[in-house]
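Student: work.pdb is the file, holding PDB, C-alpha atoms and all ligand atoms:
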```pdb
ATOM      1  CA  MET A   1     -63.820  -6.808  21.734
ATOM      2  CA  ASN A   2     -65.693 -10.048  22.329
ATOM      3  CA  THR A   3     -64.064 -13.480  22.005
ATOM      4  CA  SER A   4     -65.858 -14.507  18.871
ATOM      5  CA  ASN A   5     -64.597 -11.322  17.191
ATOM      6  CA  THR A   6     -60.998 -12.120  18.308
ATOM      7  CA  SER A   7     -61.166 -15.636  16.967
ATOM      8  CA  ASP A   8     -62.770 -14.352  13.752
ATOM      9  CA  LEU A   9     -59.816 -12.010  13.338
ATOM     10  CA  GLN A  10     -57.368 -14.823  14.090
ATOM     11  CA  GLN A  11     -59.179 -16.995  11.549
ATOM     12  CA  PHE A  12     -59.021 -14.142   9.029
ATOM     13  CA  LYS A  13     -55.270 -13.702   9.533
ATOM     14  CA  GLU A  14     -54.711 -17.411   8.973
ATOM     15  CA  SER A  15     -56.912 -17.449   5.869
ATOM     16  CA  VAL A  16     -55.031 -14.659   4.140
ATOM     17  CA  HIS A  17     -51.579 -16.007   5.118
ATOM     18  CA  PRO A  18     -51.348 -18.478   2.169
ATOM     19  CA  LEU A  19     -52.061 -15.555  -0.153
ATOM     20  CA  ASN A  20     -48.944 -13.764   1.223
ATOM     21  CA  LEU A  21     -51.136 -11.170   2.862
ATOM     22  CA  LEU A  22     -50.790  -9.728   6.352
ATOM     23  CA  PRO A  23     -53.380  -7.450   7.976
ATOM     24  CA  LEU A  24     -51.530  -4.199   8.743
ATOM     25  CA  TRP A  25     -53.098  -4.133  12.238
ATOM     26  CA  GLU A  26     -51.177  -7.345  12.974
ATOM     27  CA  ARG A  27     -47.805  -5.968  11.959
ATOM     28  CA  HIS A  28     -45.167  -6.286  14.690
ATOM     29  CA  VAL A  29     -42.241  -4.267  13.286
ATOM     30  CA  LYS A  30     -41.974  -0.902  14.967
ATOM     31  CA  LEU A  31     -41.679   2.043  12.637
ATOM     32  CA  VAL A  32     -39.448   4.317  14.694
ATOM     33  CA  PRO A  33     -36.170   6.126  13.966
ATOM     34  CA  GLY A  34     -33.028   4.046  14.316
ATOM     35  CA  SER A  35     -31.750   0.950  12.582
ATOM     36  CA  GLN A  36     -30.664  -2.582  13.334
ATOM     37  CA  SER A  37     -26.963  -1.689  13.312
ATOM     38  CA  ILE A  38     -25.290  -0.892  16.633
ATOM     39  CA  PRO A  39     -22.392   1.351  17.674
ATOM     40  CA  ALA A  40     -19.068  -0.398  17.159
ATOM     41  CA  HIS A  41     -15.393   0.465  17.560
ATOM     42  CA  TRP A  42     -12.284  -0.899  15.779
ATOM     43  CA  SER A  43      -9.013  -0.151  17.552
ATOM     44  CA  TYR A  44      -6.262   0.320  14.974
ATOM     45  CA  ASP A  45      -3.733  -1.200  17.398
ATOM     46  CA  LYS A  46      -5.756  -4.402  17.298
ATOM     47  CA  VAL A  47      -6.507  -4.360  13.560
ATOM     48  CA  ARG A  48      -2.990  -3.448  12.309
ATOM     49  CA  PRO A  49      -1.263  -6.776  13.228
ATOM     50  CA  PHE A  50      -3.964  -8.708  11.351
ATOM     51  CA  LEU A  51      -3.457  -6.546   8.260
ATOM     52  CA  GLU A  52       0.230  -7.490   8.440
ATOM     53  CA  GLU A  53      -0.633 -11.146   8.894
ATOM     54  CA  SER A  54      -2.958 -11.047   5.880
ATOM     55  CA  VAL A  55       0.044  -9.894   3.812
ATOM     56  CA  ARG A  56       1.830 -13.144   4.687
ATOM     57  CA  LEU A  57      -1.240 -15.275   3.994
ATOM     58  CA  ILE A  58      -2.524 -13.915   0.694
ATOM     59  CA  THR A  59      -1.053 -11.989  -2.228
ATOM     60  CA  LYS A  60      -2.721  -8.834  -3.466
ATOM     61  CA  LYS A  61      -3.415 -10.569  -6.764
ATOM     62  CA  ASP A  62      -5.109 -13.572  -5.158
ATOM     63  CA  ALA A  63      -7.098 -11.353  -2.835
ATOM     64  CA  ASP A  64      -7.873  -8.853  -5.659
ATOM     65  CA  ARG A  65      -8.265  -6.305  -2.877
ATOM     66  CA  ARG A  66      -6.591  -7.200   0.432
ATOM     67  CA  VAL A  67      -9.271  -5.744   2.670
ATOM     68  CA  LEU A  68     -10.389  -6.500   6.209
ATOM     69  CA  VAL A  69     -14.079  -5.687   6.228
ATOM     70  CA  MET A  70     -15.371  -3.926   9.326
ATOM     71  CA  GLU A  71     -18.684  -5.667   9.817
ATOM     72  CA  ASN A  72     -21.307  -4.371  12.197
ATOM     73  CA  PRO A  73     -21.721  -6.867  15.093
ATOM     74  CA  ALA A  74     -25.502  -6.711  14.605
ATOM     75  CA  LEU A  75     -25.184  -7.387  10.865
ATOM     76  CA  ARG A  76     -22.787 -10.356  10.805
ATOM     77  CA  GLY A  77     -22.828 -12.051   7.423
ATOM     78  CA  SER A  78     -23.799  -8.845   5.609
ATOM     79  CA  SER A  79     -20.259  -7.398   5.179
ATOM     80  CA  PHE A  80     -21.732  -3.981   6.032
ATOM     81  CA  ILE A  81     -20.673  -1.579   8.781
ATOM     82  CA  SER A  82     -24.216  -0.201   8.874
ATOM     83  CA  GLN A  83     -27.468  -0.767   6.968
ATOM     84  CA  SER A  84     -26.320   1.727   4.363
ATOM     85  CA  LEU A  85     -22.508   1.634   4.295
ATOM     86  CA  PHE A  86     -19.507  -0.593   3.742
ATOM     87  CA  ALA A  87     -16.121   0.073   5.359
ATOM     88  CA  GLY A  88     -12.851  -1.823   5.188
ATOM     89  CA  GLN A  89      -9.141  -1.492   5.877
ATOM     90  CA  GLN A  90      -6.964  -2.142   2.838
ATOM     91  CA  ILE A  91      -3.221  -2.822   2.915
ATOM     92  CA  ILE A  92      -0.935  -2.713  -0.125
ATOM     93  CA  MET A  93       2.747  -3.635  -0.013
ATOM     94  CA  PRO A  94       5.634  -2.264  -2.113
ATOM     95  CA  GLY A  95       5.478  -3.528  -5.692
ATOM     96  CA  GLU A  96       1.883  -4.741  -5.431
ATOM     97  CA  VAL A  97      -0.965  -3.857  -7.763
ATOM     98  CA  ALA A  98      -4.711  -4.098  -7.145
ATOM     99  CA  PRO A  99      -6.035  -4.894 -10.634
ATOM    100  CA  SER A 100      -8.351  -2.549 -12.470
ATOM    101  CA  HIS A 101     -12.076  -3.047 -12.239
ATOM    102  CA  ARG A 102     -15.272  -1.035 -12.088
ATOM    103  CA  HIS A 103     -18.594  -1.459 -10.340
ATOM    104  CA  SER A 104     -21.868   0.290  -9.712
ATOM    105  CA  PRO A 105     -21.173   1.161  -6.053
ATOM    106  CA  ASN A 106     -19.350   4.426  -5.334
ATOM    107  CA  ALA A 107     -16.122   4.157  -3.359
ATOM    108  CA  LEU A 108     -13.996   6.463  -1.244
ATOM    109  CA  ARG A 109     -10.551   6.083   0.286
ATOM    110  CA  PHE A 110      -9.209   7.786   3.375
ATOM    111  CA  VAL A 111      -5.453   7.239   3.598
ATOM    112  CA  VAL A 112      -4.360   6.048   7.039
ATOM    113  CA  GLU A 113      -0.611   5.434   6.837
ATOM    114  CA  GLY A 114       2.328   5.083   4.465
ATOM    115  CA  GLU A 115       3.662   6.856   1.390
ATOM    116  CA  GLY A 116       4.281   5.612  -2.117
ATOM    117  CA  ALA A 117       0.906   4.251  -3.177
ATOM    118  CA  TYR A 118      -1.248   5.593  -5.968
ATOM    119  CA  THR A 119      -4.784   5.119  -7.101
ATOM    120  CA  SER A 120      -5.822   5.533 -10.689
ATOM    121  CA  VAL A 121      -9.408   6.573 -11.423
ATOM    122  CA  ASP A 122     -10.575   6.725 -15.034
ATOM    123  CA  GLY A 123      -6.950   6.987 -16.187
ATOM    124  CA  VAL A 124      -6.052   9.736 -13.706
ATOM    125  CA  LYS A 125      -3.176   8.483 -11.557
ATOM    126  CA  MET A 126      -2.957  10.147  -8.159
ATOM    127  CA  LYS A 127      -0.430   9.833  -5.349
ATOM    128  CA  MET A 128      -2.016   8.812  -2.041
ATOM    129  CA  ARG A 129      -0.765  10.497   1.110
ATOM    130  CA  PRO A 130      -1.915  10.070   4.710
ATOM    131  CA  GLY A 131      -5.076  12.052   5.358
ATOM    132  CA  ASP A 132      -6.011  12.329   1.676
ATOM    133  CA  PHE A 133      -9.654  11.733   0.818
ATOM    134  CA  ILE A 134     -10.093  10.179  -2.626
ATOM    135  CA  VAL A 135     -13.291   9.621  -4.549
ATOM    136  CA  THR A 136     -13.989   6.781  -7.002
ATOM    137  CA  PRO A 137     -17.338   7.576  -8.621
ATOM    138  CA  ASN A 138     -19.424   4.617  -9.679
ATOM    139  CA  PHE A 139     -18.519   2.642 -12.775
ATOM    140  CA  MET A 140     -15.160   4.323 -13.277
ATOM    141  CA  TRP A 141     -12.198   2.019 -13.856
ATOM    142  CA  HIS A 142      -9.837   2.009 -10.894
ATOM    143  CA  ASP A 143      -6.653   0.259  -9.856
ATOM    144  CA  HIS A 144      -4.183   0.880  -7.059
ATOM    145  CA  GLY A 145      -0.475   0.238  -6.705
ATOM    146  CA  ASN A 146       2.423   0.777  -4.358
ATOM    147  CA  GLU A 147       5.598   2.156  -5.963
ATOM    148  CA  GLY A 148       7.238   3.038  -2.637
ATOM    149  CA  ASN A 149       9.088   1.041  -0.013
ATOM    150  CA  GLN A 150       6.601   0.883   2.858
ATOM    151  CA  ALA A 151       3.212  -0.638   3.586
ATOM    152  CA  VAL A 152       0.282   1.643   2.792
ATOM    153  CA  VAL A 153      -3.075   1.364   4.536
ATOM    154  CA  TRP A 154      -6.291   3.163   3.743
ATOM    155  CA  MET A 155      -9.923   2.916   4.738
ATOM    156  CA  ASP A 156     -12.362   2.052   1.967
ATOM    157  CA  GLY A 157     -15.914   3.326   2.192
ATOM    158  CA  LEU A 158     -18.588   2.180  -0.262
ATOM    159  CA  ASP A 159     -22.328   2.423  -0.762
ATOM    160  CA  THR A 160     -22.678  -1.308  -1.636
ATOM    161  CA  PRO A 161     -25.742  -1.631   0.653
ATOM    162  CA  PHE A 162     -27.569   0.739  -1.707
ATOM    163  CA  THR A 163     -26.781  -1.358  -4.776
ATOM    164  CA  SER A 164     -27.847  -4.443  -2.794
ATOM    165  CA  LEU A 165     -31.088  -2.768  -1.744
ATOM    166  CA  PHE A 166     -31.887  -1.813  -5.322
ATOM    167  CA  GLY A 167     -30.578  -5.046  -6.854
ATOM    168  CA  ALA A 168     -28.281  -2.977  -9.036
ATOM    169  CA  HIS A 169     -24.798  -4.279  -8.257
ATOM    170  CA  PHE A 170     -22.785  -4.713 -11.455
ATOM    171  CA  ARG A 171     -19.032  -5.239 -11.694
ATOM    172  CA  GLU A 172     -16.487  -5.860 -14.390
ATOM    173  CA  ASN A 173     -12.751  -6.596 -14.488
ATOM    174  CA  TYR A 174     -10.549  -4.717 -16.919
ATOM    175  CA  PRO A 175      -8.744  -7.139 -19.283
ATOM    176  CA  GLN A 176      -5.350  -5.845 -18.056
ATOM    177  CA  ASP A 177      -4.202  -5.261 -14.475
ATOM    178  CA  ILE A 178      -3.604  -1.577 -15.095
ATOM    179  CA  TYR A 179      -5.973   0.752 -16.930
ATOM    180  CA  PRO A 180      -4.114   3.067 -19.347
ATOM    181  CA  VAL A 181      -2.953   6.202 -17.538
ATOM    182  CA  THR A 182      -3.889   9.409 -19.320
ATOM    183  CA  HIS A 183      -2.801  11.875 -16.599
ATOM    184  CA  THR A 184      -0.315  11.572 -13.758
ATOM    185  CA  CYS A 185      -1.089  14.088 -11.010
ATOM    186  CA  HIS A 186       1.348  15.099  -8.298
ATOM    187  CA  GLN A 187      -1.008  17.743  -6.955
ATOM    188  CA  VAL A 188      -4.597  18.698  -7.491
ATOM    189  CA  ASP A 189      -5.033  19.837 -11.068
ATOM    190  CA  GLU A 190      -7.911  20.014 -13.547
ATOM    191  CA  HIS A 191      -7.847  16.200 -13.925
ATOM    192  CA  SER A 192      -7.706  15.203 -10.276
ATOM    193  CA  ALA A 193      -9.784  17.996  -8.701
ATOM    194  CA  ASN A 194     -12.982  15.948  -8.648
ATOM    195  CA  PHE A 195     -11.267  12.868  -7.205
ATOM    196  CA  LEU A 196      -8.574  14.047  -4.804
ATOM    197  CA  TYR A 197      -9.039  16.124  -1.662
ATOM    198  CA  PRO A 198      -5.504  16.431  -0.263
ATOM    199  CA  TRP A 199      -4.987  16.356   3.469
ATOM    200  CA  GLN A 200      -3.005  19.583   3.668
ATOM    201  CA  THR A 201      -5.682  21.634   1.882
ATOM    202  CA  SER A 202      -8.527  20.329   4.033
ATOM    203  CA  PHE A 203      -6.502  20.592   7.237
ATOM    204  CA  ASP A 204      -5.506  24.210   6.460
ATOM    205  CA  GLN A 205      -9.155  25.061   5.781
ATOM    206  CA  LEU A 206     -10.154  23.563   9.123
ATOM    207  CA  LEU A 207      -7.486  25.542  10.980
ATOM    208  CA  ALA A 208      -8.540  28.748   9.208
ATOM    209  CA  MET A 209     -12.142  28.491  10.428
ATOM    210  CA  PRO A 210     -13.098  31.424  12.668
ATOM    211  CA  PRO A 211     -13.930  30.523  16.307
ATOM    212  CA  THR A 212     -17.514  31.703  15.709
ATOM    213  CA  LYS A 213     -18.005  28.709  13.395
ATOM    214  CA  ILE A 214     -17.637  26.193  16.206
ATOM    215  CA  ASP A 215     -20.527  23.763  16.486
ATOM    216  CA  PRO A 216     -21.516  22.801  20.049
ATOM    217  CA  ALA A 217     -21.624  19.091  19.195
ATOM    218  CA  HIS A 218     -19.039  18.705  16.430
ATOM    219  CA  GLY A 219     -16.393  21.376  17.009
ATOM    220  CA  MET A 220     -15.092  22.765  13.725
ATOM    221  CA  LYS A 221     -16.608  20.675  10.967
ATOM    222  CA  LEU A 222     -16.210  20.849   7.191
ATOM    223  CA  ARG A 223     -18.207  18.978   4.580
ATOM    224  CA  TYR A 224     -16.271  17.967   1.454
ATOM    225  CA  THR A 225     -17.858  19.315  -1.715
ATOM    226  CA  ASN A 226     -17.119  18.595  -5.340
ATOM    227  CA  PRO A 227     -15.452  21.781  -6.668
ATOM    228  CA  GLN A 228     -17.316  21.512  -9.970
ATOM    229  CA  THR A 229     -20.840  20.981  -8.626
ATOM    230  CA  GLY A 230     -20.584  22.430  -5.107
ATOM    231  CA  LYS A 231     -22.439  19.320  -3.943
ATOM    232  CA  ASP A 232     -21.467  16.239  -1.942
ATOM    233  CA  PRO A 233     -18.903  14.112  -3.777
ATOM    234  CA  PHE A 234     -21.479  11.306  -4.115
ATOM    235  CA  THR A 235     -25.257  11.141  -4.439
ATOM    236  CA  THR A 236     -25.276   8.663  -1.544
ATOM    237  CA  ILE A 237     -22.333   9.502   0.726
ATOM    238  CA  ALA A 238     -21.332  12.785   2.376
ATOM    239  CA  ALA A 239     -17.846  13.175   3.866
ATOM    240  CA  PHE A 240     -16.557  15.451   6.595
ATOM    241  CA  LEU A 241     -13.422  16.581   8.399
ATOM    242  CA  GLN A 242     -13.722  17.960  11.899
ATOM    243  CA  MET A 243     -11.507  19.296  14.623
ATOM    244  CA  LEU A 244     -12.243  18.980  18.311
ATOM    245  CA  PRO A 245     -10.200  21.648  20.081
ATOM    246  CA  LYS A 246      -8.221  20.751  23.206
ATOM    247  CA  GLY A 247     -10.607  20.654  26.167
ATOM    248  CA  PHE A 248     -13.728  20.341  23.973
ATOM    249  CA  GLN A 249     -16.872  19.175  25.762
ATOM    250  CA  GLY A 250     -19.467  18.501  23.120
ATOM    251  CA  GLN A 251     -23.234  18.664  23.308
ATOM    252  CA  THR A 252     -25.177  15.413  22.925
ATOM    253  CA  TYR A 253     -26.401  14.979  19.379
ATOM    254  CA  ARG A 254     -28.206  12.558  17.117
ATOM    255  CA  SER A 255     -29.080  12.428  13.442
ATOM    256  CA  THR A 256     -30.619   9.905  11.098
ATOM    257  CA  ASP A 257     -27.440   9.282   9.123
ATOM    258  CA  HIS A 258     -25.177   6.320   9.859
ATOM    259  CA  THR A 259     -21.687   7.738  10.353
ATOM    260  CA  VAL A 260     -18.276   6.093  10.160
ATOM    261  CA  PHE A 261     -15.535   8.046  11.954
ATOM    262  CA  ASN A 262     -11.801   7.610  11.410
ATOM    263  CA  VAL A 263      -9.474   9.437  13.799
ATOM    264  CA  ALA A 264      -6.869  11.203  11.667
ATOM    265  CA  GLN A 265      -4.950  12.872  14.519
ATOM    266  CA  GLY A 266      -5.033  12.920  18.297
ATOM    267  CA  SER A 267      -7.598  11.066  20.375
ATOM    268  CA  CYS A 268     -10.955  11.756  21.974
ATOM    269  CA  LEU A 269     -13.740  10.257  24.039
ATOM    270  CA  LEU A 270     -17.079   9.355  22.536
ATOM    271  CA  GLU A 271     -20.009   8.730  24.840
ATOM    272  CA  VAL A 272     -22.716   6.647  23.179
ATOM    273  CA  GLY A 273     -25.657   5.765  25.382
ATOM    274  CA  HIS A 274     -24.147   4.462  28.609
ATOM    275  CA  GLN A 275     -20.840   3.497  27.050
ATOM    276  CA  THR A 276     -17.727   5.610  26.630
ATOM    277  CA  TYR A 277     -15.286   4.752  23.852
ATOM    278  CA  HIS A 278     -11.706   5.977  23.795
ATOM    279  CA  LEU A 279     -10.902   6.715  20.175
ATOM    280  CA  ALA A 280      -7.167   6.672  19.478
ATOM    281  CA  THR A 281      -5.447   7.787  16.269
ATOM    282  CA  HIS A 282      -6.611   5.706  13.235
ATOM    283  CA  ASP A 283      -9.430   4.039  15.212
ATOM    284  CA  VAL A 284     -12.762   3.591  13.462
ATOM    285  CA  MET A 285     -16.178   3.975  15.064
ATOM    286  CA  VAL A 286     -19.630   3.609  13.544
ATOM    287  CA  ILE A 287     -22.628   5.467  14.948
ATOM    288  CA  PRO A 288     -25.970   4.185  13.660
ATOM    289  CA  ALA A 289     -28.982   6.298  12.798
ATOM    290  CA  TRP A 290     -30.596   8.242  15.636
ATOM    291  CA  GLU A 291     -28.064   7.061  18.246
ATOM    292  CA  SER A 292     -27.191   9.852  20.702
ATOM    293  CA  TYR A 293     -23.505  10.630  21.120
ATOM    294  CA  ARG A 294     -21.244  13.176  22.703
ATOM    295  CA  PHE A 295     -17.592  14.037  22.016
ATOM    296  CA  SER A 296     -15.014  15.261  24.468
ATOM    297  CA  SER A 297     -11.342  15.780  23.854
ATOM    298  CA  SER A 298      -8.443  16.507  26.186
ATOM    299  CA  GLU A 299      -6.158  17.210  23.211
ATOM    300  CA  MET A 300      -6.811  18.610  19.768
ATOM    301  CA  SER A 301      -8.126  15.813  17.587
ATOM    302  CA  ILE A 302      -9.046  15.576  13.913
ATOM    303  CA  LEU A 303     -11.722  13.184  12.665
ATOM    304  CA  PHE A 304     -12.592  12.191   9.148
ATOM    305  CA  SER A 305     -16.098  10.790   8.700
ATOM    306  CA  PHE A 306     -18.503   9.644   6.028
ATOM    307  CA  SER A 307     -22.218   9.007   6.215
ATOM    308  CA  ASP A 308     -25.334   8.307   4.156
ATOM    309  CA  ARG A 309     -26.518  11.905   4.675
ATOM    310  CA  SER A 310     -26.244  12.770   1.005
ATOM    311  CA  ALA A 311     -28.818  10.105   0.061
ATOM    312  CA  GLN A 312     -31.066  10.875   3.030
ATOM    313  CA  GLN A 313     -31.144  14.579   2.225
ATOM    314  CA  ALA A 314     -31.863  13.939  -1.461
ATOM    315  CA  LEU A 315     -34.762  11.722  -0.399
ATOM    316  CA  GLY A 316     -36.009  14.167   2.220
ATOM    317  CA  PHE A 317     -35.535  11.816   5.200
ATOM    318  CA  TRP A 318     -32.614  13.376   7.046
ATOM    319  CA  ARG A 319     -33.151  14.835  10.526
ATOM    320  CA  GLU A 320     -30.911  15.915  13.369
ATOM    321  CA  GLU A 321     -31.346  16.908  16.996
ATOM    322  CA  TYR A 322     -29.140  18.662  19.556
ATOM    323  CA  LEU A 323     -29.988  17.292  23.000
ATOM    324  CA  ALA A 324     -29.580  18.938  26.351
TER     325      ALA A 324
HETATM  326  C1  LIG B 401     -13.420  -2.271  -4.117
HETATM  327  O1  LIG B 401     -13.498  -2.154  -5.453
HETATM  328  C2  LIG B 401     -12.282  -1.814  -3.453
HETATM  329  O2  LIG B 401     -11.316  -0.856  -5.391
HETATM  330  C3  LIG B 401     -12.221  -1.936  -2.079
HETATM  331  O3  LIG B 401     -10.097  -1.015  -3.644
HETATM  332  C4  LIG B 401     -13.247  -2.502  -1.365
HETATM  333  C5  LIG B 401     -15.424  -3.545  -1.311
HETATM  334  C6  LIG B 401     -16.546  -3.995  -1.938
HETATM  335  C7  LIG B 401     -16.662  -3.893  -3.310
HETATM  336  C8  LIG B 401     -15.644  -3.325  -4.052
HETATM  337  C9  LIG B 401     -11.160  -1.186  -4.212
HETATM  338  C10 LIG B 401     -14.381  -2.982  -2.020
HETATM  339  C11 LIG B 401     -14.485  -2.871  -3.405
END
```
What would you get if you wrote out this structure as C-alpha cells?
Ligand code: 1HN

Tutor:
Amino acid sequence: MNTSNTSDLQQFKESVHPLNLLPLWERHVKLVPGSQSIPAHWSYDKVRPFLEESVRLITKKDADRRVLVMENPALRGSSFISQSLFAGQQIIMPGEVAPSHRHSPNALRFVVEGEGAYTSVDGVKMKMRPGDFIVTPNFMWHDHGNEGNQAVVWMDGLDTPFTSLFGAHFRENYPQDIYPVTHTCHQVDEHSANFLYPWQTSFDQLLAMPPTKIDPAHGMKLRYTNPQTGKDPFTTIAAFLQMLPKGFQGQTYRSTDHTVFNVAQGSCLLEVGHQTYHLATHDVMVIPAWESYRFSSSEMSILFSFSDRSAQQALGFWREEYLA
C-alpha cells in the first residue's frame, strides 16, 4: 500500500465521520467469544453483616425491595452481574412486606436462609423455604412478606439486561401493598406447580440420579423445567441444580452462557483461569461467557445456578466445550 493510498483512506475515514459512518475495515472491536464481564465471587460471610446493617438503615417499605445488588466489577454502574443477568441478595424481616408490583423482566428467587416468608405471584401465595427455587414470570403481580420470627434471605435473579437491551422495561405498582390472594399453597399443587420448585423434590431427584449420569465437568446436574411445557421456566433464563460428589475432580469446561452459581450445601473449589476460588455455603460466583472453569470438591456439595442459556439456545448462539 503506498503512502498516498493510506492518506486517501485516512481522509476518507475523516470525511464520512460526520455522517456517522465508519468503514468496517477500520473497526477495532474484536468479534470473538466472551464478554466484558469478569469472574467474580461474593462470600456470604462478608455479605451477610451488610444485609443486617441495611435492616437498621432502611425499612422494607422505604427500600421497596431491600436488595444488595451483586454488580460485576467490570460493569460498575450497570447494576448487572453479567451482560445478560441481574443478581441480588434480598433480606426481609419478621412482619415486613415488599409491596406488590409487576414489571417486564422475569424474576427468580433462590431461598438462602430462614423460614416464615412467602411470595405471592399472580395471587398464588407460596411459602418460601431454604433451597426453594421460585419463578416470577414477567408482568405478573408479586409481593413478598415475612410472617415468621426470623430474618429470611434469598437471591434474586432477573433478566433486566434483556429489557434494557431491547428498551422494553415497563413497571407498575399495585395500588395496595398486597395483591389479593386467590390460592394459599403449602405444597406444590395445581396453582403453584409452575412457580415453585421445592428444595426437597429437586434434591431427592438429584440423589436418585444413577451414577452413569455423572457429567465429567458438572457432576450430577439437573435442569429445572416447567412441568406444563417441559421447557425452561423462562424464555431467557435456564436454572440448574447440581451435585459434586465427595472427591470430585471436574474436567475443564466453557460455554457461552453467563452463569451465576449459589452454593446451597457444602463447599468446593472453582479454578477459573489462573485463579482458584473457595466457594463456601451460600457464596455466589459468576462465570462469564466462554470463561474456562473447573470444579473440585473434597466434600459433597450442591450448587444452584442460573444462566442466559435459555435465550442463547432459542437464538441459536449457545455453544459449549469440554477441554482437556
Ligand atoms: C424486583 O421486583 C425484586 O420483586 C427484586 O423482589 C429485585 C431487581 C430489579 C428489578 C426488580 C422483587 C429486583 C426487582

Student: Find the distance between atom CA of Trp141 of chain A and atom CA of Thr182 of chain A and write it in Å to one decimal.

Tutor: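 If I compute the distance from atom CA of Trp141 of chain A to atom CA of Thr182 of chain A, I get 12.4 Å.
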
Student: Going by the chain IDs and residue numbers used in this file, which residues fall under the PyMOL selection byres (((chain A and resi 184) around 10) and not hetatm)? Write them as an mmCIF file with C-alpha atoms, in the coordinates of the input.

Tutor:
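Listing of result-v1.cif after writing:
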```cif
data_model
loop_
_atom_site.group_PDB
_atom_site.id
_atom_site.type_symbol
_atom_site.label_atom_id
_atom_site.label_comp_id
_atom_site.auth_asym_id
_atom_site.auth_seq_id
_atom_site.Cartn_x
_atom_site.Cartn_y
_atom_site.Cartn_z
ATOM 1 C CA TYR A 118 -1.248 5.593 -5.968
ATOM 2 C CA SER A 120 -5.822 5.533 -10.689
ATOM 3 C CA GLY A 123 -6.950 6.987 -16.187
ATOM 4 C CA VAL A 124 -6.052 9.736 -13.706
ATOM 5 C CA LYS A 125 -3.176 8.483 -11.557
ATOM 6 C CA MET A 126 -2.957 10.147 -8.159
ATOM 7 C CA LYS A 127 -0.430 9.833 -5.349
ATOM 8 C CA VAL A 181 -2.953 6.202 -17.538
ATOM 9 C CA THR A 182 -3.889 9.409 -19.320
ATOM 10 C CA HIS A 183 -2.801 11.875 -16.599
ATOM 11 C CA CYS A 185 -1.089 14.088 -11.010
ATOM 12 C CA HIS A 186 1.348 15.099 -8.298
ATOM 13 C CA GLN A 187 -1.008 17.743 -6.955
ATOM 14 C CA ASP A 189 -5.033 19.837 -11.068
ATOM 15 C CA HIS A 191 -7.847 16.200 -13.925
ATOM 16 C CA SER A 192 -7.706 15.203 -10.276
#
```

Student: Residues picked by the PyMOL selection byres (((not hetatm)) within 10 of (chain B and resi 401)) here, as a short mmCIF file (atom, residue, chain, number, x, y, z; two decimals) with C-alpha atoms, keeping the file's coordinate frame?

Tutor:
```cif
data_model
loop_
_atom_site.label_atom_id
_atom_site.label_comp_id
_atom_site.auth_asym_id
_atom_site.auth_seq_id
_atom_site.Cartn_x
_atom_site.Cartn_y
_atom_site.Cartn_z
CA ASP A 64 -7.87 -8.85 -5.66
CA ARG A 65 -8.26 -6.30 -2.88
CA ARG A 66 -6.59 -7.20 0.43
CA VAL A 67 -9.27 -5.74 2.67
CA LEU A 68 -10.39 -6.50 6.21
CA VAL A 69 -14.08 -5.69 6.23
CA SER A 79 -20.26 -7.40 5.18
CA PHE A 80 -21.73 -3.98 6.03
CA PHE A 86 -19.51 -0.59 3.74
CA ALA A 87 -16.12 0.07 5.36
CA GLY A 88 -12.85 -1.82 5.19
CA GLN A 89 -9.14 -1.49 5.88
CA GLN A 90 -6.96 -2.14 2.84
CA ILE A 91 -3.22 -2.82 2.92
CA ILE A 92 -0.94 -2.71 -0.12
CA ALA A 98 -4.71 -4.10 -7.14
CA PRO A 99 -6.04 -4.89 -10.63
CA SER A 100 -8.35 -2.55 -12.47
CA HIS A 101 -12.08 -3.05 -12.24
CA ARG A 102 -15.27 -1.03 -12.09
CA HIS A 103 -18.59 -1.46 -10.34
CA SER A 104 -21.87 0.29 -9.71
CA PRO A 105 -21.17 1.16 -6.05
CA ASN A 106 -19.35 4.43 -5.33
CA ALA A 107 -16.12 4.16 -3.36
CA LEU A 108 -14.00 6.46 -1.24
CA ARG A 109 -10.55 6.08 0.29
CA THR A 119 -4.78 5.12 -7.10
CA SER A 120 -5.82 5.53 -10.69
CA VAL A 121 -9.41 6.57 -11.42
CA THR A 136 -13.99 6.78 -7.00
CA ASN A 138 -19.42 4.62 -9.68
CA TRP A 141 -12.20 2.02 -13.86
CA HIS A 142 -9.84 2.01 -10.89
CA ASP A 143 -6.65 0.26 -9.86
CA HIS A 144 -4.18 0.88 -7.06
CA TRP A 154 -6.29 3.16 3.74
CA MET A 155 -9.92 2.92 4.74
CA ASP A 156 -12.36 2.05 1.97
CA GLY A 157 -15.91 3.33 2.19
CA LEU A 158 -18.59 2.18 -0.26
CA ASP A 159 -22.33 2.42 -0.76
CA THR A 160 -22.68 -1.31 -1.64
CA PRO A 161 -25.74 -1.63 0.65
CA HIS A 169 -24.80 -4.28 -8.26
CA ARG A 171 -19.03 -5.24 -11.69
#
```

Student: Let me make sure I understand: among A:Gly145, A:Gly131, A:Pro216, A:Gly167, which one has the smallest atom-to-atom distance to Tyr253 of chain A if we use all atoms listed in the file?

Tutor: A:Pro216

Student: What is the distance, in Å and to one decimal place, between atom CA of Cys268 of chain A and atom CA of Ala217 of chain A?

Tutor: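 Atom CA of Ala217 of chain A lies 13.2 Å from atom CA of Cys268 of chain A.
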
Student: If you count all atoms listed in the file, which residues fall within 12 Å of Arg76 of chain A, apart from same-chain ones fewer than 5 positions away, as a list in words?

Tutor: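 Residues meeting the cut-off are Gln36, Ser37, Ile38, Val69, Met70, Glu71, Ile81, Ser82 and Gln83 of chain A.
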
Student: For each of A:Leu241, A:Leu270, A:Val97, A:Val111, take the minimum atom-to-atom distance to Asp62 of chain A, counting all atoms listed in the file, then give the residue where this is smallest.

Tutor: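 The closest residue to Asp62 of chain A is A:Val97.
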
Student: Which residues would end up in the selection if the PyMOL selection byres (((chain A and resi 225-232) around 10) and not hetatm) were applied here, given that I need the answer as a PyMOL selection string?

Tutor: chain A and resi 135+193-197+222-224+233-240+309-311

Student: I'd like the neighbourhood of Gly247 of chain A as a ChimeraX atom specification, where a residue qualifies if any of its atoms comes within 12 Å (using all atoms listed in the file), though same-chain residues fewer than 2 positions away should be ignored.

Tutor: /A:219,243-245,249-250,267-269,295-301

Student: Just give me the gap between atom CA of Trp318 of chain A and atom CA of Thr163 of chain A in Å, one decimal is fine.

Tutor: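 Result for atom CA of Trp318 of chain A versus atom CA of Thr163 of chain A: 19.8 Å, one decimal.
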